[in-house]
Every structure is written in C-alpha cells, then in structure tokens.
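*Asks:* The file below is work.pdb, PDB, C-alpha atoms and all ligand atoms:
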ATOM      1  CA  MET A   1     -37.735 -35.607   3.462  1.00  0.00           C
ATOM      2  CA  LYS A   2     -34.779 -36.813   5.491  1.00  0.00           C
ATOM      3  CA  THR A   3     -33.355 -40.095   4.299  1.00  0.00           C
ATOM      4  CA  THR A   4     -32.040 -42.856   6.568  1.00  0.00           C
ATOM      5  CA  ASN A   5     -28.322 -43.522   6.280  1.00  0.00           C
ATOM      6  CA  ILE A   6     -26.425 -46.481   7.684  1.00  0.00           C
ATOM      7  CA  ALA A   7     -22.611 -46.461   7.496  1.00  0.00           C
ATOM      8  CA  ILE A   8     -20.551 -49.644   7.521  1.00  0.00           C
ATOM      9  CA  ASP A   9     -16.791 -49.229   7.646  1.00  0.00           C
ATOM     10  CA  GLY A  10     -14.019 -51.717   8.137  1.00  0.00           C
ATOM     11  CA  PRO A  11     -10.929 -53.292   6.610  1.00  0.00           C
ATOM     12  CA  ALA A  12     -10.753 -55.248   3.351  1.00  0.00           C
ATOM     13  CA  GLY A  13     -12.489 -58.603   3.434  1.00  0.00           C
ATOM     14  CA  ALA A  14     -14.437 -58.047   6.671  1.00  0.00           C
ATOM     15  CA  GLY A  15     -17.668 -59.010   4.879  1.00  0.00           C
ATOM     16  CA  LYS A  16     -19.012 -55.458   4.546  1.00  0.00           C
ATOM     17  CA  SER A  17     -20.409 -55.857   1.060  1.00  0.00           C
ATOM     18  CA  SER A  18     -22.191 -59.205   1.457  1.00  0.00           C
ATOM     19  CA  ILE A  19     -23.678 -58.139   4.792  1.00  0.00           C
ATOM     20  CA  ALA A  20     -24.668 -54.691   3.503  1.00  0.00           C
ATOM     21  CA  LYS A  21     -26.290 -56.228   0.406  1.00  0.00           C
ATOM     22  CA  GLU A  22     -28.360 -58.633   2.477  1.00  0.00           C
ATOM     23  CA  ILE A  23     -29.500 -56.008   4.964  1.00  0.00           C
ATOM     24  CA  SER A  24     -30.268 -53.381   2.348  1.00  0.00           C
ATOM     25  CA  SER A  25     -32.470 -55.807   0.442  1.00  0.00           C
ATOM     26  CA  GLU A  26     -34.249 -56.653   3.694  1.00  0.00           C
ATOM     27  CA  LEU A  27     -34.856 -52.939   4.367  1.00  0.00           C
ATOM     28  CA  GLY A  28     -35.515 -51.881   0.761  1.00  0.00           C
ATOM     29  CA  PHE A  29     -32.554 -49.479   0.935  1.00  0.00           C
ATOM     30  CA  ILE A  30     -29.952 -49.105  -1.768  1.00  0.00           C
ATOM     31  CA  TYR A  31     -26.512 -50.441  -1.058  1.00  0.00           C
ATOM     32  CA  VAL A  32     -23.632 -48.183  -2.042  1.00  0.00           C
ATOM     33  CA  ASP A  33     -20.202 -49.763  -2.299  1.00  0.00           C
ATOM     34  CA  THR A  34     -17.857 -46.765  -2.163  1.00  0.00           C
ATOM     35  CA  GLY A  35     -14.767 -48.927  -2.713  1.00  0.00           C
ATOM     36  CA  ALA A  36     -16.015 -49.325  -6.294  1.00  0.00           C
ATOM     37  CA  LEU A  37     -15.551 -45.565  -6.820  1.00  0.00           C
ATOM     38  CA  TYR A  38     -11.867 -45.716  -5.847  1.00  0.00           C
ATOM     39  CA  ARG A  39     -11.468 -48.883  -7.898  1.00  0.00           C
ATOM     40  CA  THR A  40     -12.910 -47.112 -10.949  1.00  0.00           C
ATOM     41  CA  VAL A  41     -10.444 -44.232 -10.573  1.00  0.00           C
ATOM     42  CA  ALA A  42      -7.678 -46.852 -10.260  1.00  0.00           C
ATOM     43  CA  LEU A  43      -8.886 -48.497 -13.477  1.00  0.00           C
ATOM     44  CA  PHE A  44      -8.777 -45.141 -15.285  1.00  0.00           C
ATOM     45  CA  ALA A  45      -5.234 -44.608 -13.958  1.00  0.00           C
ATOM     46  CA  GLN A  46      -4.149 -48.107 -14.984  1.00  0.00           C
ATOM     47  CA  GLU A  47      -5.458 -47.587 -18.517  1.00  0.00           C
ATOM     48  CA  ASN A  48      -4.421 -43.989 -19.068  1.00  0.00           C
ATOM     49  CA  CYS A  49      -1.653 -42.809 -16.762  1.00  0.00           C
ATOM     50  CA  PRO A  50      -0.193 -45.769 -14.867  1.00  0.00           C
ATOM     51  CA  ASP A  51       3.051 -44.004 -14.008  1.00  0.00           C
ATOM     52  CA  SER A  52       2.044 -40.587 -12.811  1.00  0.00           C
ATOM     53  CA  ASP A  53      -0.278 -39.420 -10.052  1.00  0.00           C
ATOM     54  CA  ASN A  54       0.221 -35.852 -11.290  1.00  0.00           C
ATOM     55  CA  GLU A  55      -1.105 -36.790 -14.699  1.00  0.00           C
ATOM     56  CA  LEU A  56      -4.043 -38.565 -13.045  1.00  0.00           C
ATOM     57  CA  LEU A  57      -4.873 -35.363 -11.158  1.00  0.00           C
ATOM     58  CA  GLU A  58      -4.580 -33.287 -14.325  1.00  0.00           C
ATOM     59  CA  ARG A  59      -6.974 -35.645 -16.084  1.00  0.00           C
ATOM     60  CA  LEU A  60      -9.619 -35.946 -13.335  1.00  0.00           C
ATOM     61  CA  ASP A  61     -12.080 -33.957 -15.446  1.00  0.00           C
ATOM     62  CA  GLU A  62     -11.955 -36.769 -18.012  1.00  0.00           C
ATOM     63  CA  ILE A  63     -13.402 -39.180 -15.454  1.00  0.00           C
ATOM     64  CA  ASP A  64     -17.161 -39.464 -15.481  1.00  0.00           C
ATOM     65  CA  ILE A  65     -18.417 -42.042 -12.982  1.00  0.00           C
ATOM     66  CA  ASP A  66     -22.029 -43.067 -12.884  1.00  0.00           C
ATOM     67  CA  LEU A  67     -23.720 -45.347 -10.360  1.00  0.00           C
ATOM     68  CA  SER A  68     -26.981 -47.093 -11.085  1.00  0.00           C
ATOM     69  CA  PHE A  69     -28.962 -49.428  -8.877  1.00  0.00           C
ATOM     70  CA  ILE A  70     -30.692 -52.309 -10.597  1.00  0.00           C
ATOM     71  CA  GLY A  71     -32.929 -54.208  -8.178  1.00  0.00           C
ATOM     72  CA  GLY A  72     -30.873 -52.611  -5.393  1.00  0.00           C
ATOM     73  CA  THR A  73     -27.614 -53.893  -6.896  1.00  0.00           C
ATOM     74  CA  GLN A  74     -25.004 -51.313  -7.783  1.00  0.00           C
ATOM     75  CA  ARG A  75     -23.548 -51.094 -11.297  1.00  0.00           C
ATOM     76  CA  ILE A  76     -20.780 -48.635 -11.990  1.00  0.00           C
ATOM     77  CA  SER A  77     -19.746 -47.093 -15.260  1.00  0.00           C
ATOM     78  CA  LEU A  78     -16.693 -45.156 -16.323  1.00  0.00           C
ATOM     79  CA  ASN A  79     -17.251 -42.747 -19.185  1.00  0.00           C
ATOM     80  CA  GLY A  80     -20.352 -44.630 -20.285  1.00  0.00           C
ATOM     81  CA  GLU A  81     -18.867 -48.111 -20.096  1.00  0.00           C
ATOM     82  CA  ASP A  82     -19.993 -50.614 -17.436  1.00  0.00           C
ATOM     83  CA  VAL A  83     -16.853 -51.546 -15.483  1.00  0.00           C
ATOM     84  CA  THR A  84     -18.549 -53.300 -12.532  1.00  0.00           C
ATOM     85  CA  ASP A  85     -16.765 -56.585 -13.195  1.00  0.00           C
ATOM     86  CA  ASP A  86     -13.482 -55.162 -14.530  1.00  0.00           C
ATOM     87  CA  ILE A  87     -12.599 -53.486 -11.233  1.00  0.00           C
ATOM     88  CA  ARG A  88     -12.444 -56.749  -9.245  1.00  0.00           C
ATOM     89  CA  THR A  89      -8.826 -57.725  -9.801  1.00  0.00           C
ATOM     90  CA  PRO A  90      -5.970 -57.849  -7.250  1.00  0.00           C
ATOM     91  CA  GLU A  91      -4.094 -55.126  -9.226  1.00  0.00           C
ATOM     92  CA  ILE A  92      -7.086 -52.819  -9.071  1.00  0.00           C
ATOM     93  CA  SER A  93      -7.548 -53.566  -5.330  1.00  0.00           C
ATOM     94  CA  MET A  94      -4.017 -52.388  -4.682  1.00  0.00           C
ATOM     95  CA  GLY A  95      -4.357 -49.490  -7.155  1.00  0.00           C
ATOM     96  CA  ALA A  96      -7.535 -48.351  -5.387  1.00  0.00           C
ATOM     97  CA  SER A  97      -5.788 -48.400  -2.043  1.00  0.00           C
ATOM     98  CA  ARG A  98      -2.997 -46.282  -3.572  1.00  0.00           C
ATOM     99  CA  VAL A  99      -5.168 -43.652  -5.304  1.00  0.00           C
ATOM    100  CA  SER A 100      -7.457 -43.432  -2.265  1.00  0.00           C
ATOM    101  CA  ALA A 101      -4.590 -41.882  -0.284  1.00  0.00           C
ATOM    102  CA  ILE A 102      -4.513 -38.858  -2.637  1.00  0.00           C
ATOM    103  CA  PRO A 103      -6.548 -36.033  -1.047  1.00  0.00           C
ATOM    104  CA  GLU A 104      -7.725 -34.614  -4.411  1.00  0.00           C
ATOM    105  CA  ILE A 105      -9.145 -38.019  -5.368  1.00  0.00           C
ATOM    106  CA  ARG A 106     -11.072 -38.265  -2.094  1.00  0.00           C
ATOM    107  CA  GLU A 107     -12.426 -34.765  -2.639  1.00  0.00           C
ATOM    108  CA  PHE A 108     -13.372 -35.636  -6.224  1.00  0.00           C
ATOM    109  CA  LEU A 109     -15.555 -38.556  -4.999  1.00  0.00           C
ATOM    110  CA  PHE A 110     -16.944 -36.872  -1.879  1.00  0.00           C
ATOM    111  CA  ASP A 111     -19.907 -34.931  -3.328  1.00  0.00           C
ATOM    112  CA  LEU A 112     -21.180 -37.915  -5.283  1.00  0.00           C
ATOM    113  CA  GLN A 113     -21.310 -40.038  -2.112  1.00  0.00           C
ATOM    114  CA  GLN A 114     -23.042 -37.339  -0.066  1.00  0.00           C
ATOM    115  CA  ARG A 115     -25.566 -36.639  -2.812  1.00  0.00           C
ATOM    116  CA  ILE A 116     -26.606 -40.290  -3.071  1.00  0.00           C
ATOM    117  CA  ALA A 117     -27.099 -40.462   0.702  1.00  0.00           C
ATOM    118  CA  ARG A 118     -29.167 -37.251   0.669  1.00  0.00           C
ATOM    119  CA  GLU A 119     -31.426 -38.605  -2.063  1.00  0.00           C
ATOM    120  CA  HIS A 120     -31.873 -42.243  -0.945  1.00  0.00           C
ATOM    121  CA  ASP A 121     -32.170 -44.427   2.125  1.00  0.00           C
ATOM    122  CA  VAL A 122     -28.769 -46.098   1.964  1.00  0.00           C
ATOM    123  CA  ILE A 123     -26.400 -48.533   3.500  1.00  0.00           C
ATOM    124  CA  MET A 124     -23.025 -47.215   2.429  1.00  0.00           C
ATOM    125  CA  ASP A 125     -19.838 -49.149   3.001  1.00  0.00           C
ATOM    126  CA  GLY A 126     -16.231 -48.022   2.862  1.00  0.00           C
ATOM    127  CA  ARG A 127     -13.427 -46.853   5.110  1.00  0.00           C
ATOM    128  CA  ASP A 128     -14.396 -43.284   6.066  1.00  0.00           C
ATOM    129  CA  ILE A 129     -18.171 -43.285   5.786  1.00  0.00           C
ATOM    130  CA  GLY A 130     -18.905 -42.903   9.508  1.00  0.00           C
ATOM    131  CA  THR A 131     -15.975 -40.553  10.102  1.00  0.00           C
ATOM    132  CA  VAL A 132     -15.980 -38.239   7.053  1.00  0.00           C
ATOM    133  CA  VAL A 133     -18.632 -38.858   4.391  1.00  0.00           C
ATOM    134  CA  LEU A 134     -21.695 -39.326   6.623  1.00  0.00           C
ATOM    135  CA  PRO A 135     -20.694 -38.099  10.086  1.00  0.00           C
ATOM    136  CA  ASP A 136     -24.410 -37.770  10.948  1.00  0.00           C
ATOM    137  CA  ALA A 137     -25.380 -41.271   9.804  1.00  0.00           C
ATOM    138  CA  ASP A 138     -28.302 -42.737  11.753  1.00  0.00           C
ATOM    139  CA  LEU A 139     -26.314 -45.860  12.588  1.00  0.00           C
ATOM    140  CA  LYS A 140     -22.602 -46.578  12.221  1.00  0.00           C
ATOM    141  CA  ILE A 141     -21.088 -50.027  12.275  1.00  0.00           C
ATOM    142  CA  PHE A 142     -17.394 -50.881  12.244  1.00  0.00           C
ATOM    143  CA  LEU A 143     -17.068 -54.419  10.941  1.00  0.00           C
ATOM    144  CA  THR A 144     -13.824 -56.275  11.366  1.00  0.00           C
ATOM    145  CA  ALA A 145     -12.281 -59.759  11.607  1.00  0.00           C
ATOM    146  CA  SER A 146      -8.778 -61.139  12.005  1.00  0.00           C
ATOM    147  CA  ALA A 147      -6.514 -60.955   8.929  1.00  0.00           C
ATOM    148  CA  ASP A 148      -6.386 -64.771   8.803  1.00  0.00           C
ATOM    149  CA  GLU A 149     -10.134 -65.079   8.797  1.00  0.00           C
ATOM    150  CA  ARG A 150     -10.555 -62.352   6.160  1.00  0.00           C
ATOM    151  CA  ALA A 151      -7.921 -63.942   3.928  1.00  0.00           C
ATOM    152  CA  SER A 152      -9.501 -67.359   4.257  1.00  0.00           C
ATOM    153  CA  ARG A 153     -12.975 -66.011   3.351  1.00  0.00           C
ATOM    154  CA  ARG A 154     -11.511 -64.287   0.284  1.00  0.00           C
ATOM    155  CA  TYR A 155      -9.630 -67.433  -0.663  1.00  0.00           C
ATOM    156  CA  LEU A 156     -12.833 -69.522  -0.487  1.00  0.00           C
ATOM    157  CA  GLU A 157     -14.558 -66.982  -2.737  1.00  0.00           C
ATOM    158  CA  LEU A 158     -11.773 -67.019  -5.320  1.00  0.00           C
ATOM    159  CA  LYS A 159     -10.494 -70.557  -5.284  1.00  0.00           C
ATOM    160  CA  GLU A 160     -12.708 -71.851  -8.113  1.00  0.00           C
ATOM    161  CA  LYS A 161     -11.481 -69.096 -10.451  1.00  0.00           C
ATOM    162  CA  ALA A 162      -8.578 -69.426 -12.852  1.00  0.00           C
ATOM    163  CA  ASP A 163      -5.434 -67.634 -11.605  1.00  0.00           C
ATOM    164  CA  CYS A 164      -6.586 -67.753  -8.000  1.00  0.00           C
ATOM    165  CA  PRO A 165      -3.827 -66.299  -5.793  1.00  0.00           C
ATOM    166  CA  THR A 166      -2.587 -68.475  -2.911  1.00  0.00           C
ATOM    167  CA  PHE A 167      -3.896 -67.982   0.628  1.00  0.00           C
ATOM    168  CA  GLU A 168      -0.536 -66.437   1.603  1.00  0.00           C
ATOM    169  CA  GLU A 169      -0.692 -63.967  -1.307  1.00  0.00           C
ATOM    170  CA  ILE A 170      -4.218 -62.942  -0.386  1.00  0.00           C
ATOM    171  CA  LYS A 171      -3.267 -62.501   3.269  1.00  0.00           C
ATOM    172  CA  ALA A 172      -0.188 -60.435   2.368  1.00  0.00           C
ATOM    173  CA  ASP A 173      -2.337 -58.167   0.146  1.00  0.00           C
ATOM    174  CA  ILE A 174      -4.891 -57.737   2.912  1.00  0.00           C
ATOM    175  CA  ILE A 175      -2.245 -56.813   5.468  1.00  0.00           C
ATOM    176  CA  LYS A 176      -0.640 -54.345   3.066  1.00  0.00           C
ATOM    177  CA  ARG A 177      -3.970 -52.714   2.255  1.00  0.00           C
ATOM    178  CA  ASP A 178      -4.903 -52.547   5.966  1.00  0.00           C
ATOM    179  CA  TYR A 179      -1.640 -50.720   6.582  1.00  0.00           C
ATOM    180  CA  ASN A 180      -2.061 -48.310   3.631  1.00  0.00           C
ATOM    181  CA  ASP A 181      -5.703 -47.603   4.389  1.00  0.00           C
ATOM    182  CA  SER A 182      -5.220 -46.944   8.078  1.00  0.00           C
ATOM    183  CA  HIS A 183      -1.975 -44.973   7.862  1.00  0.00           C
ATOM    184  CA  ARG A 184      -2.766 -42.440   5.150  1.00  0.00           C
ATOM    185  CA  ALA A 185      -2.929 -38.803   6.196  1.00  0.00           C
ATOM    186  CA  VAL A 186      -6.432 -38.076   4.898  1.00  0.00           C
ATOM    187  CA  ALA A 187      -9.561 -39.945   6.034  1.00  0.00           C
ATOM    188  CA  PRO A 188      -7.758 -43.062   7.222  1.00  0.00           C
ATOM    189  CA  LEU A 189      -9.636 -46.230   8.035  1.00  0.00           C
ATOM    190  CA  LYS A 190     -10.721 -45.927  11.644  1.00  0.00           C
ATOM    191  CA  GLN A 191     -13.701 -46.612  13.828  1.00  0.00           C
ATOM    192  CA  ALA A 192     -15.878 -43.541  14.404  1.00  0.00           C
ATOM    193  CA  ASP A 193     -16.305 -42.737  18.120  1.00  0.00           C
ATOM    194  CA  ASP A 194     -20.023 -43.456  17.881  1.00  0.00           C
ATOM    195  CA  ALA A 195     -19.761 -46.616  15.736  1.00  0.00           C
ATOM    196  CA  VAL A 196     -20.713 -50.044  17.033  1.00  0.00           C
ATOM    197  CA  LEU A 197     -17.795 -52.468  16.719  1.00  0.00           C
ATOM    198  CA  ILE A 198     -18.627 -55.959  15.459  1.00  0.00           C
ATOM    199  CA  ASP A 199     -15.789 -58.471  15.254  1.00  0.00           C
ATOM    200  CA  THR A 200     -17.011 -61.218  12.938  1.00  0.00           C
ATOM    201  CA  THR A 201     -13.989 -63.535  13.279  1.00  0.00           C
ATOM    202  CA  ASP A 202     -16.033 -66.235  15.003  1.00  0.00           C
ATOM    203  CA  MET A 203     -19.445 -65.314  13.672  1.00  0.00           C
ATOM    204  CA  GLY A 204     -21.437 -66.744  10.787  1.00  0.00           C
ATOM    205  CA  PHE A 205     -22.962 -64.589   8.053  1.00  0.00           C
ATOM    206  CA  HIS A 206     -26.541 -64.870   9.376  1.00  0.00           C
ATOM    207  CA  GLU A 207     -25.462 -64.172  12.914  1.00  0.00           C
ATOM    208  CA  VAL A 208     -23.847 -60.899  11.826  1.00  0.00           C
ATOM    209  CA  CYS A 209     -26.943 -59.909   9.817  1.00  0.00           C
ATOM    210  CA  GLU A 210     -29.173 -60.660  12.836  1.00  0.00           C
ATOM    211  CA  GLU A 211     -26.999 -58.552  15.115  1.00  0.00           C
ATOM    212  CA  ILE A 212     -27.123 -55.586  12.748  1.00  0.00           C
ATOM    213  CA  LEU A 213     -30.872 -55.948  12.174  1.00  0.00           C
ATOM    214  CA  ASP A 214     -31.360 -55.963  15.961  1.00  0.00           C
ATOM    215  CA  LEU A 215     -29.360 -52.742  16.212  1.00  0.00           C
ATOM    216  CA  ILE A 216     -31.475 -51.202  13.467  1.00  0.00           C
ATOM    217  CA  LYS A 217     -34.686 -52.177  15.303  1.00  0.00           C
ATOM    218  CA  GLU A 218     -33.343 -50.825  18.562  1.00  0.00           C
ATOM    219  CA  ARG A 219     -31.975 -47.536  17.308  1.00  0.00           C
ATOM    220  CA  LEU A 220     -33.925 -46.538  14.216  1.00  0.00           C
ATOM    221  CA  ASP A 221     -37.573 -45.867  13.849  1.00  0.00           C
ATOM    222  CA  ILE A 222     -38.110 -48.244  10.933  1.00  0.00           C
ATOM    223  CA  GLU A 223     -39.896 -51.533  10.453  1.00  0.00           C
ATOM    224  CA  VAL A 224     -37.601 -54.537   9.927  1.00  0.00           C
TER     225      VAL A 224
HETATM  226  O1  LIG A 301     -13.802 -51.806  -0.201  1.00  0.00           O
HETATM  227  P1  LIG A 301     -12.789 -52.078  -1.339  1.00  0.00           P
HETATM  228  O2  LIG A 301     -11.846 -53.186  -1.016  1.00  0.00           O
HETATM  229  O3  LIG A 301     -13.467 -52.260  -2.651  1.00  0.00           O
HETATM  230  O4  LIG A 301     -11.940 -50.720  -1.441  1.00  0.00           O
HETATM  231  C1  LIG A 301     -10.841 -50.584  -2.312  1.00  0.00           C
HETATM  232  C2  LIG A 301      -9.886 -49.540  -1.751  1.00  0.00           C
HETATM  233  O5  LIG A 301     -10.500 -48.254  -1.815  1.00  0.00           O
HETATM  234  C3  LIG A 301      -9.497 -49.734  -0.281  1.00  0.00           C
HETATM  235  O6  LIG A 301      -8.290 -50.456  -0.140  1.00  0.00           O
HETATM  236  C4  LIG A 301      -9.366 -48.333   0.265  1.00  0.00           C
HETATM  237  C5  LIG A 301     -10.185 -47.479  -0.663  1.00  0.00           C
HETATM  238  N1  LIG A 301     -11.413 -46.965  -0.056  1.00  0.00           N
HETATM  239  C6  LIG A 301     -11.315 -45.811   0.675  1.00  0.00           C
HETATM  240  O7  LIG A 301     -10.223 -45.292   0.867  1.00  0.00           O
HETATM  241  N2  LIG A 301     -12.439 -45.234   1.187  1.00  0.00           N
HETATM  242  C7  LIG A 301     -13.628 -45.794   1.018  1.00  0.00           C
HETATM  243  N3  LIG A 301     -14.724 -45.197   1.522  1.00  0.00           N
HETATM  244  C8  LIG A 301     -13.758 -47.006   0.295  1.00  0.00           C
HETATM  245  C9  LIG A 301     -12.598 -47.582  -0.216  1.00  0.00           C
END
Written as structure tokens, how would this file's structure read?
*Replies:*
Amino acid sequence: MKTTNIAIDGPAGAGKSSIAKEISSELGFIYVDTGALYRTVALFAQENCPDSDNELLERLDEIDIDLSFIGGTQRISLNGEDVTDDIRTPEISMGASRVSAIPEIREFLFDLQQRIAREHDVIMDGRDIGTVVLPDADLKIFLTASADERASRRYLELKEKADCPTFEEIKADIIKRDYNDSHRAVAPLKQADDAVLIDTTDMGFHEVCEEILDLIKERLDIEV
C-alpha cells in the first residue's frame, strides 16, 4: 500500500521539528528528523576521526545507525547506543553541516531515509527532502524565517541551560550553517519547485500548524 509522505525543508531554526512533531501526532504519522542522521555521523567523526574526512569515509562501514519511534517520537542510536540527546550540541550542529556536504555521506544515509518513507506515513524534515530524498512527496513545504527571528527562538529555547551561547553567537552559527547548507555542491538546501513556501517570521506556532493542516486537508485525501 502506498504511504503518505510530507516533506518539510528549510534552514536551521525555522521551526521544522516542533511543527512537524505537532502535525505528525495530529495525523498519527511518524516524524523523521533527518538532521539527526547527519548529526550522528558527525558524532562518530568527533569521537573517532576528528581530523580526517578520508578516515571517516574509510570507516563508514563501522557506523550502524538505527531509528526507532516511541509514541511517534524519534530516538536514534549509534552502534547500539542511544545518542538522541548527545547530538544536540553547537559543535555537533556545525559538524553535521560539514559532514553533510560530503557526497558519500549523503549517499550512505539516502537508502535509510527512502526506506522509512516507503514503509510508513511520514512527515520528514531536512534540507533536501522535497528535492532529492522524496521528490514525489504528496506535499512539500519550505519553512523559513529571518535569521534574527530564528536566532531569537533558539536563544529562548537554550537560555535556561548552563553554557548557553549568546544571541550573537547563535545568530552567527545560523548564518554560517545557512551558507554551508545552501552552497554545497550536492543536494543543497533549496526550495523544491513544487513546494509551498511558508515564512514564519511573523507567525505564531499554532498559526503555522493551522496553515499546514489546511494545506493537508486541501491537497491530500486524509482526515485531519
Ligand atoms: O536539521 P538539523 O539542524 O538537525 O541539521 C543538521 C545539519 O545536517 C544541517 O546543518 C545540514 C545537515 N542536513 C542536511 O544536509 N540534509 C538534511 N536532510 C538534514 C540535515
């Protein structure tokens, strides 16, 4: 039976994951955060071969990534160890952006993403889901917001934590990652021709969810 696939792409901090989580739980779909895959490869590189991309490529067969979905929430493990929380650091964010530019790494993660979408109704978020991974997705959304707004949302999320970076540091990281992710040669971040653009700079969380749910009602033959 054909599964329903919804692709959400966009730059770092645009709200993809919180929106996708909310909508997938509303629809009973699983939510796949593909950034976590690149982050997990970056964690392996940080721990095992921080100085050499060649060594990382030689050791790709030592990387076993497993995704599980508990109550619709994704957990990710690297060689049997749950690393879901360990991959959420600024170093790993930047490392993920770096390793994601390597074509062999993208190829390494490609089949896994396509297989999950073949087997489940999914909302999958990332940078190249609508353009490369799921070009035939039933609905494609490109979610964006200004760099200031994205940095300030991230800052609000992080500010209670120890070692919270400053707003300026967060914004600089976001701008650097935007540049890396949209200028790499393979599968750069870009809006698919048939994606719906939603700029959330001046929108609240619920407003964005409503807009996407309306699109789903309009375009897909499923009950919302
Ligand atoms: O969504 P995120 O911030 O967790 O993603 C981390 C990095 O991984 C991001 O800077 C670019 C890369 N990425 C990618 O190249 N393609 C994807 N589909 C998802 C993430």
*Asks:* Compare A:Ala45, A:Cys209, A:Met203, A:Val133 by their minimum atom-to-atom distance to ligand LIG 301 (chain A), counting only C-alpha atoms and all ligand atoms, and give me the closest one.
*Replies:*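 Residue with the minimum atom-to-atom distance to ligand LIG 301 (chain A): A:Val133.
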*Asks:* Return as CSV the residues of chain A lying at most 7 Å from ligand LIG 301 (chain A), together with the closest atom-to-atom pair for each and the distance in Å to one decimal, counting only C-alpha atoms and all ligand atoms, with rows in chain order and ascending residue number.
*Replies:*
residue,atom,partner,partner_atom,distance
A:Ala12,CA,A:LIG301,O2,5.0
A:Thr34,CA,A:LIG301,C8,4.8
A:Gly35,CA,A:LIG301,C9,3.6
A:Ala36,CA,A:LIG301,O3,5.3
A:Tyr38,CA,A:LIG301,O5,5.0
A:Arg39,CA,A:LIG301,C1,5.9
A:Ser93,CA,A:LIG301,C1,5.4
A:Met94,CA,A:LIG301,O6,6.5
A:Ala96,CA,A:LIG301,C2,4.5
A:Ser97,CA,A:LIG301,O6,3.8
A:Ser100,CA,A:LIG301,O7,4.6
A:Ala101,CA,A:LIG301,O7,6.7
A:Asp125,CA,A:LIG301,N3,6.6
A:Gly126,CA,A:LIG301,N3,3.5
A:Arg127,CA,A:LIG301,N3,4.2
A:Asp128,CA,A:LIG301,N3,4.9
A:Ile129,CA,A:LIG301,N3,5.8
A:Arg177,CA,A:LIG301,O6,5.4
A:Asp181,CA,A:LIG301,C4,5.6
*Asks:* Using C-alpha atoms, can you export the residues from the last selection as a PDB file, keeping the file's coordinate frame?
*Replies:*
ATOM      1  CA  ALA A  12     -10.753 -55.248   3.351  1.00  0.00           C
ATOM      2  CA  THR A  34     -17.857 -46.765  -2.163  1.00  0.00           C
ATOM      3  CA  GLY A  35     -14.767 -48.927  -2.713  1.00  0.00           C
ATOM      4  CA  ALA A  36     -16.015 -49.325  -6.294  1.00  0.00           C
ATOM      5  CA  TYR A  38     -11.867 -45.716  -5.847  1.00  0.00           C
ATOM      6  CA  ARG A  39     -11.468 -48.883  -7.898  1.00  0.00           C
ATOM      7  CA  SER A  93      -7.548 -53.566  -5.330  1.00  0.00           C
ATOM      8  CA  MET A  94      -4.017 -52.388  -4.682  1.00  0.00           C
ATOM      9  CA  ALA A  96      -7.535 -48.351  -5.387  1.00  0.00           C
ATOM     10  CA  SER A  97      -5.788 -48.400  -2.043  1.00  0.00           C
ATOM     11  CA  SER A 100      -7.457 -43.432  -2.265  1.00  0.00           C
ATOM     12  CA  ALA A 101      -4.590 -41.882  -0.284  1.00  0.00           C
ATOM     13  CA  ASP A 125     -19.838 -49.149   3.001  1.00  0.00           C
ATOM     14  CA  GLY A 126     -16.231 -48.022   2.862  1.00  0.00           C
ATOM     15  CA  ARG A 127     -13.427 -46.853   5.110  1.00  0.00           C
ATOM     16  CA  ASP A 128     -14.396 -43.284   6.066  1.00  0.00           C
ATOM     17  CA  ILE A 129     -18.171 -43.285   5.786  1.00  0.00           C
ATOM     18  CA  ARG A 177      -3.970 -52.714   2.255  1.00  0.00           C
ATOM     19  CA  ASP A 181      -5.703 -47.603   4.389  1.00  0.00           C
TER      20      ASP A 181
END
*Asks:* Pick the closest to Asp33 in chain A from A:Ile92, A:Cys49, A:Leu156, A:Ala20: which is it, counting only C-alpha atoms?
*Replies:*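 Of all the options, A:Ala20 lies closest to Asp33 in chain A.
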*Asks:* Using only C-alpha atoms, which residues of range 90-188 of chain A come within 12 Å of range 63-79 of chain A, and what is the closest atom pair for each, with the distance in Å to one decimal? Give it as CSV, sorted by chain and residue number.
*Replies:*
residue,atom,partner,partner_atom,distance
A:Ile105,CA,A:Ile63,CA,11.0
A:Phe108,CA,A:Ile63,CA,9.9
A:Leu109,CA,A:Ile65,CA,9.2
A:Leu112,CA,A:Ile65,CA,9.2
A:Gln113,CA,A:Leu67,CA,10.1
A:Arg115,CA,A:Leu67,CA,11.7
A:Ile116,CA,A:Leu67,CA,9.3
A:His120,CA,A:Phe69,CA,11.1
A:Asp121,CA,A:Gly72,CA,11.2
A:Val122,CA,A:Gly72,CA,10.0
A:Ile123,CA,A:Gly72,CA,10.8
A:Met124,CA,A:Gln74,CA,11.2
*Asks:* Need to verify the contact set: Asp199 in chain A, 8 Å, only C-alpha atoms, exclusion of same-chain residues closer than 3 positions in sequence. Can you return it as a list of chain:residue names?
*Replies:*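 Near Asp199 in chain A, the qualifying residues are A:Leu143, A:Thr144, A:Ala145, A:Asp202, A:Met203.
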*Asks:* Grab the CA of Leu189 in chain A to CA of Ile23 in chain A distance for me, in Å with one decimal place.
*Replies:*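 Separation of CA of Leu189 in chain A and CA of Ile23 in chain A: 22.4 Å.
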*Asks:* Report as CSV the residues of range 34-129 of chain A within 12 Å of range 163-167 of chain A, each with its shortest atom pair and distance in Å (one decimal), using all atoms listed in the file, ordered by chain and increasing residue number.
*Replies:*
residue,atom,partner,partner_atom,distance
A:Thr89,CA,A:Cys164,CA,10.4
A:Pro90,CA,A:Pro165,CA,8.8
A:Glu91,CA,A:Pro165,CA,11.7
*Asks:* Suppose we keep C-alpha atoms; can you now write the selection as a JSON list (two decimals), in the coordinates of the input?
*Replies:*
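After the write, selection.json holds the following:
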[["chain", "number", "residue", "atom", "x", "y", "z"],
["A", 89, "THR", "CA", -8.83, -57.72, -9.80],
["A", 90, "PRO", "CA", -5.97, -57.85, -7.25],
["A", 91, "GLU", "CA", -4.09, -55.13, -9.23]]
*Asks:* I'd like to know which of A:Ala162, A:Glu26, A:Gly13, A:Asp136 is closest to Asp148 in chain A, using all atoms listed in the file.
*Replies:*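 Looking only at the distances to Asp148 in chain A, the closest residue turns out to be A:Gly13.
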*Asks:* Write out as a ChimeraX atom specification which residues come within 12 Å of Ile216 in chain A when counting all atoms listed in the file, dropping same-chain ones fewer than 2 positions away.
*Replies:* /A:4-7,23-24,26-27,123,138-141,196,209-214,218-224
*Asks:* How far is it from CA of Ile174 in chain A to CA of Gly15 in chain A, in Å with one decimal?
*Replies:*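 A separation of 13.0 Å between them.
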*Asks:* Counting only C-alpha atoms, which of A:Thr3, A:Asp61, A:Leu37, A:Ala185 gets nearest to Phe110 in chain A?
*Replies:* A:Leu37
*Asks:* Report as a list in words the full result of the PyMOL selection byres (((chain A and resi 190) around 10) and not hetatm) when it is applied to this structure.
*Replies:* Asp9, Gly10, Pro11, Arg127, Asp128, Ile129, Gly130, Thr131, Phe142, Asp181, Ser182, His183, Ala187, Pro188, Leu189, Gln191, Ala192, Asp193 and Ala195 of chain A
